[in-house]
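Enquirer: Here you go, one structure.
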Amino acid sequence: MAPKVYIAGKLYEKADAKISVFDHGLLYGDGVFEGIRSYSGRVFRLASHVDRLFASAAAINLQIPMSRDALAAAVIETLKANGLKDAYIRVVVTRGAGTLGLDPRKTSDPQVIIITDAISLYPEELYEHGLKIVTAATIRSHPNTVNPRVKSLNYLNNILAKMEGARAGCLEALMLNHEGHVAECTGDNVFVVRRGEIHTPSVDSGILEGITREAVIELARAAGYAVIERTMDRYDVHTADECFLTGTAAELIPVVECDDRPIGAGKPGPVFRDLRERFKRLVVEGPES
């Protein structure tokens, strides 16, 4: 079955899924998006993703041309039309077509685009043996430019940091904020374990409030772990007993080395393994929304 893409209320064959080259999403990265997962046909925390999408749009004064309920229904419709059970879902909202100038008042018809595809995870061996990461020189966006809590189409700083990681032979890179504190990786939130406590950068550290991050914090606290959201430095990562990342595509993945320093015993730790198993049960047994 040929993949189908949702654009502005209609489903198109992949080859026919097109938007204007004058769309400000293409010309200027003027738009927002969400990455969502489905497990066995059930969309994971769809309501939370839709809420975050609408919050990102409000932050850049972009009016999404449909209601939350209609957008959620369109996600499910697109997933079913593609016959996918375990999938990655990308929802994109652009400012719409305009002129070659910056003025958003000259744009019209914001575009809602929904793409679904088979999920591509890290290789299983990395979940068993762990990732190596490095700290990138490229920092997270200053909160007085585009707030990092906005999941915008402009991911250039993340891409540049990703390239730095790749040049160092790493699949991920740690990003600092404008004050030199730990923010997140290029596509994942960061957690460390110290003396049985779980620490993660707070929202004011320049992070995206990850949906998987939120789920893992809930799971950890329900399991009796102390979870502390705070300002963190690279010292906290370098000297941690364990480190792991969370994200829609990655789920939970361990980090065993940062900046050529082994983390803890240099292998995935017991807290990570416990939380990964709890997360697996959540996505199988938990409610759709």
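We label chains A, B, ... in the order they appear in the structure tokens, count residues from 1 in each chain, and number ligands from 1 in the order shown.
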Excluding Ile76 (chain A) and residues on its chain fewer than 2 positions from it, collect all residues at most 12 Å away from it, counting only C-alpha atoms, and give them as a ChimeraX atom specification.

Expert: /A:6,36-38,41-44,46-47,69-74,78-85,87,89,91,114-116,288-289

Enquirer: Based on DSSP run over this structure's backbone, return all residues of region 64-256 of chain A in strand (DSSP E or B), as a PyMOL selection string.

Expert: chain A and resi 87-94+97+108+111-118+131-135+152+172-176+182-185+189-194+197-201+227-230+242-247+251-256

Enquirer: With only C-alpha atoms as the counted atoms, please give the residues lying no more than 6 Å from His181 (chain A), apart from itself and same-chain residues fewer than 4 positions off, as a JSON list (two decimals) with N, CA, C and O atoms, in the first residue's frame.

Expert:
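result_17.json written:
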```
[["chain", "number", "residue", "atom", "x", "y", "z"],
["A", 176, "LEU", "N", 24.45, 22.59, 25.79],
["A", 176, "LEU", "CA", 24.38, 23.46, 26.95],
["A", 176, "LEU", "C", 23.51, 24.67, 26.61],
["A", 176, "LEU", "O", 23.26, 24.98, 25.44],
["A", 177, "ASN", "N", 23.06, 25.38, 27.67],
["A", 177, "ASN", "CA", 22.31, 26.61, 27.42],
["A", 177, "ASN", "C", 23.25, 27.81, 27.39],
["A", 177, "ASN", "O", 24.47, 27.66, 27.48],
["A", 232, "MET", "N", 21.76, 21.88, 36.08],
["A", 232, "MET", "CA", 22.82, 20.88, 36.06],
["A", 232, "MET", "C", 24.00, 21.35, 35.22],
["A", 232, "MET", "O", 23.83, 22.08, 34.26],
["A", 233, "ASP", "N", 25.20, 20.92, 35.62],
["A", 233, "ASP", "CA", 26.41, 21.20, 34.86],
["A", 233, "ASP", "C", 26.96, 19.90, 34.27],
["A", 233, "ASP", "O", 26.51, 18.81, 34.63]]
```

Enquirer: Could you list, as a PyMOL selection string, every residue within 10 Å of Val271 (chain A), counting only C-alpha atoms and ignoring same-chain residues fewer than 5 positions away?

Expert: chain A and resi 192-193+196-198+220+225+241-244+276

Enquirer: In Å, with one decimal, what is the gap from CA of Pro254 (chain A) to CA of Glu128 (chain A)?

Expert: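 Between CA of Pro254 (chain A) and CA of Glu128 (chain A) the gap is 8.1 Å.
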
Enquirer: Step one, run DSSP on the backbone; step two, keep only residues of region 21-256 of chain A assigned to alpha helix (DSSP H); then write them as an MDAnalysis selection string.

Expert: chainID A and resid 24:28 46:59 68:81 124:129 156:167 211:222 234:238

Enquirer: For region 199-201 of chain A, find every residue with an atom within 8 Å (counting only C-alpha atoms), except residues of its own chain fewer than 3 positions away, and show them as a ChimeraX atom specification.

Expert: /A:182-184,190-194,205,207,227-232

Enquirer: Nearest to Lys4 (chain A): which of A:Ile60, A:Leu131, A:Glu77, A:Glu257 is it, counting only C-alpha atoms?

Expert: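 Ranking A:Ile60, A:Leu131, A:Glu77, A:Glu257 by distance to Lys4 (chain A), first place goes to A:Glu77.
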
Enquirer: Measuring atom to atom with only C-alpha atoms, identify which of A:Ile139, A:Tyr122, A:Val203, A:Val146 is nearest to Leu245 (chain A).

Expert: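 Ranked by minimum distance to Leu245 (chain A), first place goes to A:Tyr122.
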